[in-house]
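*Asks:* Next comes the structure file final00.pdb, holding PDB, C-alpha atoms and all ligand atoms.
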MODEL        1
ATOM      1  CA  MET A  10      -8.923  21.756  -1.269
ATOM      2  CA  SER A  11      -6.730  20.965   1.769
ATOM      3  CA  ASN A  12      -5.628  17.424   2.610
ATOM      4  CA  GLU A  13      -7.838  17.678   5.699
ATOM      5  CA  ASN A  14     -10.882  18.229   3.449
ATOM      6  CA  LYS A  15      -9.797  15.421   1.136
ATOM      7  CA  ILE A  16      -9.609  13.046   4.116
ATOM      8  CA  GLN A  17     -13.089  14.201   5.140
ATOM      9  CA  ALA A  18     -14.322  13.399   1.616
ATOM     10  CA  ASN A  19     -12.690   9.971   1.879
ATOM     11  CA  GLU A  20     -14.381   9.393   5.247
ATOM     12  CA  LYS A  21     -17.763  10.230   3.738
ATOM     13  CA  ALA A  22     -17.090   7.977   0.741
ATOM     14  CA  TRP A  23     -15.997   4.954   2.811
ATOM     15  CA  ARG A  24     -18.959   5.502   5.148
ATOM     16  CA  LYS A  25     -21.296   4.870   2.192
ATOM     17  CA  LEU A  26     -19.851   1.356   1.858
ATOM     18  CA  ALA A  27     -19.862   0.404   5.537
ATOM     19  CA  LYS A  28     -23.171  -1.485   5.707
ATOM     20  CA  ASP A  29     -22.615  -3.326   2.400
ATOM     21  CA  HIS A  30     -19.097  -4.337   3.462
ATOM     22  CA  PHE A  31     -20.401  -5.570   6.801
ATOM     23  CA  GLU A  32     -22.988  -7.756   5.051
ATOM     24  CA  THR A  33     -20.551  -9.114   2.445
ATOM     25  CA  TYR A  34     -17.878  -9.920   5.011
ATOM     26  CA  LYS A  35     -20.378 -11.473   7.415
ATOM     27  CA  LYS A  36     -21.351 -13.979   4.690
ATOM     28  CA  ARG A  37     -17.670 -14.713   3.947
ATOM     29  CA  LEU A  38     -16.798 -15.215   7.602
ATOM     30  CA  LEU A  39     -19.619 -17.720   8.052
ATOM     31  CA  ASP A  40     -17.409 -20.087   6.028
ATOM     32  CA  PRO A  41     -14.780 -21.337   8.524
ATOM     33  CA  ASN A  42     -12.373 -21.872   5.593
ATOM     34  CA  THR A  43     -12.268 -18.161   4.712
ATOM     35  CA  LYS A  44      -8.688 -16.929   4.946
ATOM     36  CA  LEU A  45      -6.745 -13.696   4.607
ATOM     37  CA  ASN A  46      -5.283 -12.732   1.224
ATOM     38  CA  PRO A  47      -3.152 -15.880   0.554
ATOM     39  CA  LEU A  48       0.006 -13.775   0.034
ATOM     40  CA  VAL A  49      -0.516 -12.115   3.422
ATOM     41  CA  GLU A  50      -1.418 -15.412   5.095
ATOM     42  CA  ASN A  51       1.835 -16.931   3.857
ATOM     43  CA  GLU A  52       4.066 -13.981   4.746
ATOM     44  CA  LEU A  53       2.645 -13.396   8.219
ATOM     45  CA  GLY A  54       3.222 -17.003   9.242
ATOM     46  CA  ASN A  55       2.517 -17.944  12.844
ATOM     47  CA  ILE A  56       0.993 -15.026  14.757
ATOM     48  CA  LYS A  57      -0.449 -16.994  17.662
ATOM     49  CA  GLY A  58      -0.356 -15.002  20.907
ATOM     50  CA  LYS A  59       0.970 -11.823  19.234
ATOM     51  CA  ARG A  60      -0.518  -8.448  20.124
ATOM     52  CA  ILE A  61      -1.369  -6.924  16.746
ATOM     53  CA  LEU A  62      -2.346  -3.399  15.702
ATOM     54  CA  HIS A  63      -4.279  -3.642  12.419
ATOM     55  CA  LEU A  64      -4.348  -0.287  10.594
ATOM     56  CA  GLN A  65      -7.216   0.563   8.206
ATOM     57  CA  CYS A  66      -9.245  -2.432   9.296
ATOM     58  CA  ASN A  67     -12.469  -1.429   7.475
ATOM     59  CA  THR A  68     -15.408  -3.357   9.014
ATOM     60  CA  GLY A  69     -13.085  -5.712  10.870
ATOM     61  CA  ALA A  70     -13.254  -8.871   8.735
ATOM     62  CA  ASP A  71      -9.478  -9.226   8.396
ATOM     63  CA  SER A  72      -9.039  -8.314  12.080
ATOM     64  CA  ILE A  73     -11.304 -11.264  12.903
ATOM     65  CA  LEU A  74      -9.297 -13.545  10.598
ATOM     66  CA  LEU A  75      -6.087 -12.442  12.368
ATOM     67  CA  ALA A  76      -7.763 -13.202  15.713
ATOM     68  CA  ARG A  77      -8.872 -16.625  14.415
ATOM     69  CA  LYS A  78      -5.154 -17.354  13.981
ATOM     70  CA  GLY A  79      -4.674 -16.731  17.714
ATOM     71  CA  ALA A  80      -3.577 -13.069  17.733
ATOM     72  CA  ILE A  81      -4.849 -10.398  20.138
ATOM     73  CA  VAL A  82      -6.029  -7.704  17.773
ATOM     74  CA  THR A  83      -6.731  -3.974  17.895
ATOM     75  CA  GLY A  84      -8.176  -2.582  14.650
ATOM     76  CA  VAL A  85      -8.177   1.077  13.607
ATOM     77  CA  ASP A  86     -10.187   2.798  10.903
ATOM     78  CA  LEU A  87     -11.103   6.357   9.929
ATOM     79  CA  VAL A  88     -14.831   5.688   9.686
ATOM     80  CA  GLU A  89     -16.972   5.476  12.832
ATOM     81  CA  ASP A  90     -19.548   3.315  11.013
ATOM     82  CA  ASN A  91     -16.838   0.851   9.956
ATOM     83  CA  ILE A  92     -15.829   0.516  13.599
ATOM     84  CA  LYS A  93     -19.457   0.137  14.689
ATOM     85  CA  TYR A  94     -19.868  -2.712  12.174
ATOM     86  CA  ALA A  95     -16.484  -4.203  13.098
ATOM     87  CA  ARG A  96     -17.635  -4.475  16.739
ATOM     88  CA  LEU A  97     -20.930  -5.996  15.608
ATOM     89  CA  LEU A  98     -19.176  -8.478  13.319
ATOM     90  CA  ALA A  99     -16.817  -9.563  16.110
ATOM     91  CA  LYS A 100     -19.789  -9.950  18.468
ATOM     92  CA  GLU A 101     -21.739 -12.028  15.926
ATOM     93  CA  PHE A 102     -18.795 -14.426  15.707
ATOM     94  CA  GLY A 103     -18.421 -14.582  19.486
ATOM     95  CA  MET A 104     -15.044 -12.798  19.448
ATOM     96  CA  ASP A 105     -15.454 -10.277  22.230
ATOM     97  CA  ASP A 106     -11.760  -9.771  22.881
ATOM     98  CA  LEU A 107     -11.052  -7.680  19.759
ATOM     99  CA  THR A 108     -10.639  -3.935  20.289
ATOM    100  CA  PHE A 109     -11.615  -1.364  17.646
ATOM    101  CA  VAL A 110     -10.733   2.333  17.552
ATOM    102  CA  THR A 111     -11.989   5.082  15.235
ATOM    103  CA  SER A 112      -9.154   7.328  14.064
ATOM    104  CA  ASP A 113      -7.313   8.743  11.108
ATOM    105  CA  VAL A 114      -4.130   6.606  11.132
ATOM    106  CA  LEU A 115      -2.085   9.788  10.852
ATOM    107  CA  LYS A 116      -3.680  11.169  14.062
ATOM    108  CA  LEU A 117      -3.560   7.960  16.081
ATOM    109  CA  ILE A 118      -0.828   8.927  18.550
ATOM    110  CA  GLY A 119      -2.381   9.422  21.991
ATOM    111  CA  LYS A 120      -5.562   7.486  21.195
ATOM    112  CA  ILE A 121      -4.292   4.017  22.166
ATOM    113  CA  ASP A 122      -2.301   3.493  25.328
ATOM    114  CA  ASP A 123      -0.381   0.363  24.355
ATOM    115  CA  GLN A 124       2.474  -0.979  22.233
ATOM    116  CA  PHE A 125       2.331  -3.979  19.923
ATOM    117  CA  ASP A 126       4.450  -6.976  18.848
ATOM    118  CA  LEU A 127       3.251  -6.553  15.285
ATOM    119  CA  ILE A 128       1.619  -3.775  13.276
ATOM    120  CA  VAL A 129      -0.051  -4.857  10.030
ATOM    121  CA  THR A 130      -1.745  -3.021   7.204
ATOM    122  CA  PHE A 131      -2.755  -4.556   3.898
ATOM    123  CA  ASP A 132      -4.882  -4.640   0.738
ATOM    124  CA  GLY A 133      -5.615  -1.107  -0.435
ATOM    125  CA  VAL A 134      -4.211   1.045   2.348
ATOM    126  CA  ILE A 135      -1.361   3.535   1.856
ATOM    127  CA  GLY A 136      -2.983   5.399  -1.049
ATOM    128  CA  TRP A 137      -5.513   6.818   1.411
ATOM    129  CA  LEU A 138      -2.747   8.500   3.401
ATOM    130  CA  PRO A 139      -1.289  11.807   2.199
ATOM    131  CA  ASP A 140       1.753  11.813   4.510
ATOM    132  CA  LEU A 141       3.820   8.642   4.782
ATOM    133  CA  ASN A 142       6.405  10.262   7.042
ATOM    134  CA  GLN A 143       3.688  10.775   9.688
ATOM    135  CA  TRP A 144       2.580   7.163   9.027
ATOM    136  CA  GLY A 145       6.149   6.000   9.809
ATOM    137  CA  LYS A 146       6.087   8.038  13.057
ATOM    138  CA  VAL A 147       2.826   6.360  14.121
ATOM    139  CA  ILE A 148       4.220   2.891  13.364
ATOM    140  CA  HIS A 149       7.396   3.608  15.339
ATOM    141  CA  HIS A 150       5.374   4.987  18.270
ATOM    142  CA  TYR A 151       3.141   1.906  18.579
ATOM    143  CA  LEU A 152       5.751  -0.838  18.065
ATOM    144  CA  LYS A 153       7.413  -2.455  21.055
ATOM    145  CA  PRO A 154      11.230  -2.497  20.864
ATOM    146  CA  ASN A 155      12.047  -5.377  18.498
ATOM    147  CA  GLY A 156       8.444  -5.322  17.256
ATOM    148  CA  GLU A 157       7.719  -5.887  13.571
ATOM    149  CA  PHE A 158       5.790  -3.968  10.940
ATOM    150  CA  TYR A 159       4.176  -5.641   7.920
ATOM    151  CA  LEU A 160       2.757  -3.941   4.800
ATOM    152  CA  HIS A 161       1.156  -5.588   1.794
ATOM    153  CA  ASP A 162      -0.398  -3.389  -0.880
ATOM    154  CA  ALA A 163      -0.678  -2.678  -4.590
ATOM    155  CA  HIS A 164       2.773  -2.155  -6.100
ATOM    156  CA  PRO A 165       3.393   1.565  -6.804
ATOM    157  CA  LEU A 166       4.422   0.772 -10.388
ATOM    158  CA  ALA A 167       1.199  -1.157 -11.118
ATOM    159  CA  LEU A 168      -0.756   1.912 -10.009
ATOM    160  CA  VAL A 169       0.754   4.032 -12.794
ATOM    161  CA  PHE A 170      -1.120   2.251 -15.573
ATOM    162  CA  ASP A 171      -4.695   2.760 -16.730
ATOM    163  CA  GLU A 172      -6.491  -0.253 -15.253
ATOM    164  CA  GLU A 173      -9.245  -0.348 -17.912
ATOM    165  CA  LYS A 174      -6.740  -0.235 -20.800
ATOM    166  CA  MET A 175      -4.627  -2.976 -19.172
ATOM    167  CA  ALA A 176      -7.649  -5.268 -19.276
ATOM    168  CA  HIS A 177      -7.774  -4.598 -23.029
ATOM    169  CA  GLY A 178      -4.112  -5.420 -23.530
ATOM    170  CA  LYS A 179      -2.790  -1.840 -23.598
ATOM    171  CA  MET A 180      -0.259  -0.484 -21.156
ATOM    172  CA  ILE A 181      -0.756   3.274 -20.877
ATOM    173  CA  ALA A 182       0.898   5.322 -18.119
ATOM    174  CA  ARG A 183      -2.046   7.342 -16.768
ATOM    175  CA  TYR A 184      -1.094   8.285 -13.208
ATOM    176  CA  PRO A 185       2.331   9.940 -12.682
ATOM    177  CA  TYR A 186       4.696   7.779 -10.617
ATOM    178  CA  PHE A 187       6.198  10.945  -9.101
ATOM    179  CA  GLY A 188       2.864  12.785  -8.861
ATOM    180  CA  LYS A 189       2.350  14.842  -5.702
ATOM    181  CA  ASP A 190      -1.393  15.465  -6.097
ATOM    182  CA  PRO A 191      -3.915  12.728  -5.370
ATOM    183  CA  ASP A 192      -6.133  11.232  -8.042
ATOM    184  CA  MET A 193      -9.803  12.112  -7.584
ATOM    185  CA  ASP A 194     -12.190   9.259  -8.339
ATOM    186  CA  PRO A 195     -15.943   9.960  -8.406
ATOM    187  CA  TYR A 196     -16.670   6.323  -7.474
ATOM    188  CA  ILE A 197     -15.667   4.275  -4.432
ATOM    189  CA  GLY A 198     -15.718   0.519  -3.784
ATOM    190  CA  GLY A 199     -16.693  -2.219  -6.182
ATOM    191  CA  TYR A 200     -14.686  -5.038  -4.611
ATOM    192  CA  ALA A 201     -16.877  -6.048  -1.652
ATOM    193  CA  SER A 202     -19.986  -4.122  -2.669
ATOM    194  CA  ASP A 203     -21.294  -2.240  -5.699
ATOM    195  CA  ALA A 204     -19.308   0.908  -6.489
ATOM    196  CA  LYS A 205     -21.013   4.049  -5.205
ATOM    197  CA  LEU A 206     -20.890   7.644  -6.401
ATOM    198  CA  ALA A 207     -18.732   9.423  -3.791
ATOM    199  CA  GLU A 208     -15.788  11.687  -4.540
ATOM    200  CA  ASN A 209     -12.574  10.299  -3.029
ATOM    201  CA  TYR A 210      -8.837  11.033  -3.133
ATOM    202  CA  TYR A 211      -5.984   8.547  -3.533
ATOM    203  CA  TRP A 212      -2.269   9.340  -3.272
ATOM    204  CA  ASN A 213       0.207   7.220  -5.252
ATOM    205  CA  HIS A 214       3.453   6.789  -3.304
ATOM    206  CA  THR A 215       6.829   5.869  -4.773
ATOM    207  CA  MET A 216       8.984   2.966  -3.522
ATOM    208  CA  GLU A 217      11.378   5.620  -2.221
ATOM    209  CA  GLU A 218       8.644   7.338  -0.182
ATOM    210  CA  ILE A 219       7.435   4.050   1.297
ATOM    211  CA  MET A 220      10.903   2.860   2.309
ATOM    212  CA  MET A 221      12.266   6.238   3.464
ATOM    213  CA  SER A 222       9.198   6.904   5.629
ATOM    214  CA  LEU A 223      10.186   3.827   7.640
ATOM    215  CA  ILE A 224      13.959   4.345   7.512
ATOM    216  CA  ASN A 225      13.585   8.004   8.619
ATOM    217  CA  ASN A 226      11.578   6.805  11.623
ATOM    218  CA  GLN A 227      14.256   4.412  12.929
ATOM    219  CA  LEU A 228      12.736   1.273  11.447
ATOM    220  CA  THR A 229      14.959  -1.293   9.748
ATOM    221  CA  ILE A 230      13.574  -2.844   6.581
ATOM    222  CA  THR A 231      14.155  -6.598   6.766
ATOM    223  CA  TYR A 232      12.107  -7.953   3.863
ATOM    224  CA  ILE A 233      10.806  -6.794   0.494
ATOM    225  CA  LYS A 234       8.888  -8.891  -2.013
ATOM    226  CA  GLU A 235       7.461  -7.804  -5.354
ATOM    227  CA  HIS A 236       4.632 -10.118  -6.395
ATOM    228  CA  GLU A 237       3.656 -10.951  -9.985
ATOM    229  CA  LYS A 238       0.047 -11.451  -8.904
ATOM    230  CA  CYS A 239      -2.225  -9.792  -6.372
ATOM    231  CA  VAL A 240      -5.369 -10.498  -4.402
ATOM    232  CA  ILE A 241      -8.664 -10.203  -6.317
ATOM    233  CA  GLY A 242      -9.920  -6.617  -6.265
ATOM    234  CA  MET A 243      -6.467  -5.038  -6.424
ATOM    235  CA  GLY A 244      -6.231  -5.268 -10.251
ATOM    236  CA  GLY A 245      -5.995  -7.904 -12.961
ATOM    237  CA  ASP A 246      -8.394  -9.543 -15.406
ATOM    238  CA  VAL A 247      -7.576 -13.232 -14.809
ATOM    239  CA  VAL A 248      -7.739 -15.245 -11.593
ATOM    240  CA  ASP A 249      -5.584 -18.340 -11.047
ATOM    241  CA  ASP A 250      -6.377 -21.505  -9.052
ATOM    242  CA  ASP A 251      -4.937 -19.941  -5.886
ATOM    243  CA  GLY A 252      -7.363 -17.027  -6.125
ATOM    244  CA  LEU A 253      -4.660 -14.595  -7.256
ATOM    245  CA  SER A 254      -5.179 -12.108 -10.028
ATOM    246  CA  TYR A 255      -3.093 -10.600 -12.876
ATOM    247  CA  TYR A 256      -3.499  -9.028 -16.324
ATOM    248  CA  LYS A 257      -3.239 -11.857 -18.832
ATOM    249  CA  ASN A 258      -1.210  -9.766 -21.285
ATOM    250  CA  PHE A 259       1.217  -8.525 -18.670
ATOM    251  CA  LEU A 260       2.061 -11.426 -16.372
ATOM    252  CA  SER A 261       5.693 -11.115 -15.227
ATOM    253  CA  LYS A 262       6.033  -7.753 -17.034
ATOM    254  CA  ILE A 263       5.052  -5.591 -14.064
ATOM    255  CA  PRO A 264       4.889  -6.215 -10.309
ATOM    256  CA  MET A 265       1.272  -6.235  -9.085
ATOM    257  CA  ALA A 266       1.769  -6.216  -5.300
ATOM    258  CA  LEU A 267       4.406  -5.262  -2.764
ATOM    259  CA  SER A 268       5.167  -6.719   0.661
ATOM    260  CA  LEU A 269       7.546  -5.234   3.163
ATOM    261  CA  LYS A 270       8.600  -5.986   6.728
ATOM    262  CA  ALA A 271      10.497  -3.690   9.084
ATOM    263  CA  LYS A 272      11.789  -3.974  12.664
ATOM    264  CA  LYS A 273      12.010  -1.418  15.446
TER     265      LYS A 273
HETATM  266  C1  LIG A 301      -9.439  -0.794   0.916
HETATM  267  S1  LIG A 301      -9.896  -0.652   2.583
HETATM  268  C2  LIG A 301      -8.763  -1.665   3.424
HETATM  269  C3  LIG A 301      -8.930  -3.071   3.064
HETATM  270  C4  LIG A 301      -9.859  -3.853   3.927
HETATM  271  N1  LIG A 301      -9.240  -5.149   4.126
HETATM  272  C5  LIG A 301     -11.213  -4.042   3.339
HETATM  273  O1  LIG A 301     -11.726  -5.083   3.514
HETATM  274  O2  LIG A 301     -11.827  -3.149   2.713
HETATM  275  C6  LIG A 301      -9.267   0.936   3.048
HETATM  276  C7  LIG A 301      -9.702   1.361   4.450
HETATM  277  O3  LIG A 301      -8.909   2.482   4.834
HETATM  278  C8  LIG A 301      -9.720   3.315   5.628
HETATM  279  N2  LIG A 301      -9.089   4.646   5.637
HETATM  280  C9  LIG A 301      -8.991   5.525   4.627
HETATM  281  N3  LIG A 301      -8.291   6.604   5.012
HETATM  282  C10 LIG A 301      -7.912   6.389   6.292
HETATM  283  C11 LIG A 301      -7.174   7.135   7.249
HETATM  284  N4  LIG A 301      -6.660   8.321   6.936
HETATM  285  N5  LIG A 301      -7.001   6.605   8.470
HETATM  286  C12 LIG A 301      -7.546   5.401   8.812
HETATM  287  N6  LIG A 301      -8.240   4.642   7.945
HETATM  288  C13 LIG A 301      -8.426   5.137   6.704
HETATM  289  C14 LIG A 301     -11.078   3.282   4.965
HETATM  290  O4  LIG A 301     -12.102   3.694   5.823
HETATM  291  C15 LIG A 301     -11.164   1.811   4.554
HETATM  292  O5  LIG A 301     -11.813   1.072   5.540
ENDMDL
END
Please rewrite the model in this file as structure tokens.
*Replies:*
Amino acid sequence: MSNENKIQANEKAWRKLAKDHFETYKKRLLDPNTKLNPLVENELGNIKGKRILHLQCNTGADSILLARKGAIVTGVDLVEDNIKYARLLAKEFGMDDLTFVTSDVLKLIGKIDDQFDLIVTFDGVIGWLPDLNQWGKVIHHYLKPNGEFYLHDAHPLALVFDEEKMAHGKMIARYPYFGKDPDMDPYIGGYASDAKLAENYYWNHTMEEIMMSLINNQLTITYIKEHEKCVIGMGGDVVDDDGLSYYKNFLSKIPMALSLKAKK
């Protein structure tokens, strides 16, 4: 199966979750204290007045949270239904100035006629993209000179281990760190809705691939942080008082999440 067909399968799979995600996130956003992933919140700092491009925005909940911090946000997602619900969600919260665009991130060039102070993408994103070099090109294209890029995602090393075995105290390397082929999962979701039966494809990327895709596209990496804990839903079997998650048998043994900033 070609990567094009795998992306189509992913689109179909994510589409199945769109309505449930919209409903879950609508409930969460009704609470004015709802925040972004606390690690992201802390690392982004003050974004008031910044023009932000939010890649893989799902049904727009995090785009709305970025806008609540005073940013001017454009969200992008592969799934038309996600974008339809993102617009609806923004409307329900009286935030008419958000812009949402349906597109494969890797095919975004030409679809938005603007450049941004900040491009952000976080919480379960790069594994859906087969070609990080093209991703780097897109980021470079849409950043203003001196603009900044921010990524926060599962750490590539954490993704090597069998998540079910980790929860039972066993560390078994299941997914090859240097694997070129994506992992096929028959189920999608489970973090903001029930998991649904829908074949989907996920590409593990190495640290080298992530960093070189930016470096090769004239972006300068200015910050890297490997986190011992991650946001709920990205792995782990214990949650701490800050709402961060980790495997109780493996705290401080493996990095759970990765943050990175780069400048144009
Ligand atoms: C785990 S979610 C991102 C996290 C988000 N904060 C959430 O609440 O679900 C991954 C998102 O990536 C989107 N996606 C997957 N492949 C994509 C692609 N090639 N281009 C753009 N978006 C894509 C999916 O539609 C989905 O909304």
*Asks:* Give me, please, the distance in Å between atom C8 of ligand LIG 301 (chain A) and atom CA of A:Thr229, quoted to one decimal.
*Replies:*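 That distance, rounded to one decimal, is 25.4 Å.
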*Asks:* List as a count of residues only the protein and nucleic acid residues near A:Asp106, meaning an atom at most 12 Å away when all atoms listed in the file are counted, but skip any in the same chain fewer than 3 places from it.
*Replies:* 17
*Asks:* Enumerate, as a short mmCIF file (atom, residue, chain, number, x, y, z; two decimals) with C-alpha atoms, in the frame of the given file, the residues matched when the PyMOL selection byres (((chain A and resi 29-42) around 10) and not hetatm) is run on the file above.
*Replies:*
data_model
loop_
_atom_site.label_atom_id
_atom_site.label_comp_id
_atom_site.auth_asym_id
_atom_site.auth_seq_id
_atom_site.Cartn_x
_atom_site.Cartn_y
_atom_site.Cartn_z
CA TRP A 23 -16.00 4.95 2.81
CA ARG A 24 -18.96 5.50 5.15
CA LYS A 25 -21.30 4.87 2.19
CA LEU A 26 -19.85 1.36 1.86
CA ALA A 27 -19.86 0.40 5.54
CA LYS A 28 -23.17 -1.48 5.71
CA THR A 43 -12.27 -18.16 4.71
CA LYS A 44 -8.69 -16.93 4.95
CA LEU A 45 -6.74 -13.70 4.61
CA ASN A 67 -12.47 -1.43 7.48
CA THR A 68 -15.41 -3.36 9.01
CA GLY A 69 -13.08 -5.71 10.87
CA ALA A 70 -13.25 -8.87 8.74
CA ASP A 71 -9.48 -9.23 8.40
CA ILE A 73 -11.30 -11.26 12.90
CA LEU A 74 -9.30 -13.54 10.60
CA ARG A 77 -8.87 -16.62 14.42
CA ASP A 90 -19.55 3.32 11.01
CA ASN A 91 -16.84 0.85 9.96
CA LYS A 93 -19.46 0.14 14.69
CA TYR A 94 -19.87 -2.71 12.17
CA ALA A 95 -16.48 -4.20 13.10
CA LEU A 97 -20.93 -6.00 15.61
CA LEU A 98 -19.18 -8.48 13.32
CA ALA A 99 -16.82 -9.56 16.11
CA GLU A 101 -21.74 -12.03 15.93
CA PHE A 102 -18.80 -14.43 15.71
CA GLY A 198 -15.72 0.52 -3.78
CA TYR A 200 -14.69 -5.04 -4.61
CA ALA A 201 -16.88 -6.05 -1.65
CA SER A 202 -19.99 -4.12 -2.67
CA ASP A 203 -21.29 -2.24 -5.70
#
*Asks:* Mind dumping a table of every chain A residue within 7 Å of ligand LIG 301 (chain A), with the nearest atom pair and its distance in Å to one decimal, using all atoms listed in the file, sorted by chain and rising number, as a Markdown table?
*Replies:*
| residue | atom | partner | partner_atom | distance |
| --- | --- | --- | --- | --- |
| A:Ile16 | CA | A:LIG301 | N4 | 6.2 |
| A:Asn19 | CA | A:LIG301 | N3 | 6.4 |
| A:Glu20 | CA | A:LIG301 | O4 | 6.2 |
| A:Trp23 | CA | A:LIG301 | O4 | 5.1 |
| A:Leu64 | CA | A:LIG301 | C12 | 6.8 |
| A:Gln65 | CA | A:LIG301 | N6 | 4.2 |
| A:Cys66 | CA | A:LIG301 | C4 | 5.6 |
| A:Asn67 | CA | A:LIG301 | O5 | 3.2 |
| A:Thr68 | CA | A:LIG301 | O5 | 6.7 |
| A:Ala70 | CA | A:LIG301 | O1 | 6.6 |
| A:Asp71 | CA | A:LIG301 | N1 | 5.9 |
| A:Val85 | CA | A:LIG301 | C12 | 6.5 |
| A:Asp86 | CA | A:LIG301 | N6 | 4.0 |
| A:Leu87 | CA | A:LIG301 | C12 | 3.8 |
| A:Val88 | CA | A:LIG301 | O4 | 5.1 |
| A:Asn91 | CA | A:LIG301 | O5 | 6.7 |
| A:Ser112 | CA | A:LIG301 | C12 | 5.8 |
| A:Asp113 | CA | A:LIG301 | N5 | 3.4 |
| A:Val114 | CA | A:LIG301 | N5 | 3.9 |
| A:Leu115 | CA | A:LIG301 | N4 | 6.2 |
| A:Phe131 | CA | A:LIG301 | C3 | 6.4 |
| A:Asp132 | CA | A:LIG301 | C3 | 4.9 |
| A:Gly133 | CA | A:LIG301 | C1 | 4.1 |
| A:Val134 | CA | A:LIG301 | C6 | 5.1 |
| A:Trp137 | CA | A:LIG301 | N3 | 4.6 |
| A:Leu138 | CA | A:LIG301 | N4 | 5.3 |
*Asks:* Out of A:Asp126, A:Asp192, A:Asp105, A:Glu13, which residue has the shortest atom-to-atom distance to A:Lys59 when counting all atoms listed in the file?
*Replies:*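 Nearest to A:Lys59: A:Asp126.
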*Asks:* Can you tell me, as a ChimeraX atom specification, what residues are no more than 12 Å from A:Met175 when counting only C-alpha atoms, ignoring any on the same chain fewer than 6 positions away?
*Replies:* /A:167-169,181-183,244-247,255-260,262-263
*Asks:* Please compute the atom CA of A:Gln17-atom CA of A:Glu89 distance, one decimal, in Å.
*Replies:*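 That distance, rounded to one decimal, is 12.3 Å.
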*Asks:* To verify the selection step, state as JSON, numbers by chain which residues the PyMOL selection byres (((chain A and resi 211) around 12) and not hetatm) yields on this input.
*Replies:* {"A": [12, 15, 16, 18, 19, 22, 133, 134, 135, 136, 137, 138, 139, 140, 168, 184, 188, 189, 190, 191, 192, 193, 194, 195, 196, 197, 208, 209, 210, 212, 213, 214]}
*Asks:* Do you know which residues the PyMOL selection byres (((chain A and resi 154) around 12) and not hetatm) returns on this file, as a ChimeraX atom specification?
*Replies:* /A:124-127,148-153,155-158,227-229,271-273
*Asks:* With C-alpha atoms retained, could you export that selection as a PDB file, in the frame of the given file?
*Replies:*
ATOM      1  CA  GLN A 124       2.474  -0.979  22.233  1.00  0.00           C
ATOM      2  CA  PHE A 125       2.331  -3.979  19.923  1.00  0.00           C
ATOM      3  CA  ASP A 126       4.450  -6.976  18.848  1.00  0.00           C
ATOM      4  CA  LEU A 127       3.251  -6.553  15.285  1.00  0.00           C
ATOM      5  CA  ILE A 148       4.220   2.891  13.364  1.00  0.00           C
ATOM      6  CA  HIS A 149       7.396   3.608  15.339  1.00  0.00           C
ATOM      7  CA  HIS A 150       5.374   4.987  18.270  1.00  0.00           C
ATOM      8  CA  TYR A 151       3.141   1.906  18.579  1.00  0.00           C
ATOM      9  CA  LEU A 152       5.751  -0.838  18.065  1.00  0.00           C
ATOM     10  CA  LYS A 153       7.413  -2.455  21.055  1.00  0.00           C
ATOM     11  CA  ASN A 155      12.047  -5.377  18.498  1.00  0.00           C
ATOM     12  CA  GLY A 156       8.444  -5.322  17.256  1.00  0.00           C
ATOM     13  CA  GLU A 157       7.719  -5.887  13.571  1.00  0.00           C
ATOM     14  CA  PHE A 158       5.790  -3.968  10.940  1.00  0.00           C
ATOM     15  CA  GLN A 227      14.256   4.412  12.929  1.00  0.00           C
ATOM     16  CA  LEU A 228      12.736   1.273  11.447  1.00  0.00           C
ATOM     17  CA  THR A 229      14.959  -1.293   9.748  1.00  0.00           C
ATOM     18  CA  ALA A 271      10.497  -3.690   9.084  1.00  0.00           C
ATOM     19  CA  LYS A 272      11.789  -3.974  12.664  1.00  0.00           C
ATOM     20  CA  LYS A 273      12.010  -1.418  15.446  1.00  0.00           C
TER      21      LYS A 273
END
*Asks:* Of the residues A:Lys57, A:Lys238, A:Lys21, A:His161, which is the one nearest to A:Ser254, using all atoms listed in the file?
*Replies:*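 Closest to A:Ser254, using all atoms listed in the file: A:Lys238.
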*Asks:* Could you state the separation of atom CA of A:Leu223 and atom CA of A:Asn142 in Å, given to one decimal place?
*Replies:*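 Straight-line distance from atom CA of A:Leu223 to atom CA of A:Asn142 works out to 7.5 Å.
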*Asks:* Write out as a list of chain:residue names each polymer residue whose atoms come within 7 Å of A:Met243, counting all atoms listed in the file; drop sequence neighbours fewer than 3 positions from it.
*Replies:*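 Near neighbours after the sequence-gap exclusion: A:Ala163, A:Cys239, A:Val240.
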*Asks:* Write out the residues from the selection above, keeping C-alpha atoms, as a PDB file, keeping the file's coordinate frame.
*Replies:*
ATOM      1  CA  ALA A 163      -0.678  -2.678  -4.590  1.00  0.00           C
ATOM      2  CA  CYS A 239      -2.225  -9.792  -6.372  1.00  0.00           C
ATOM      3  CA  VAL A 240      -5.369 -10.498  -4.402  1.00  0.00           C
TER       4      VAL A 240
END
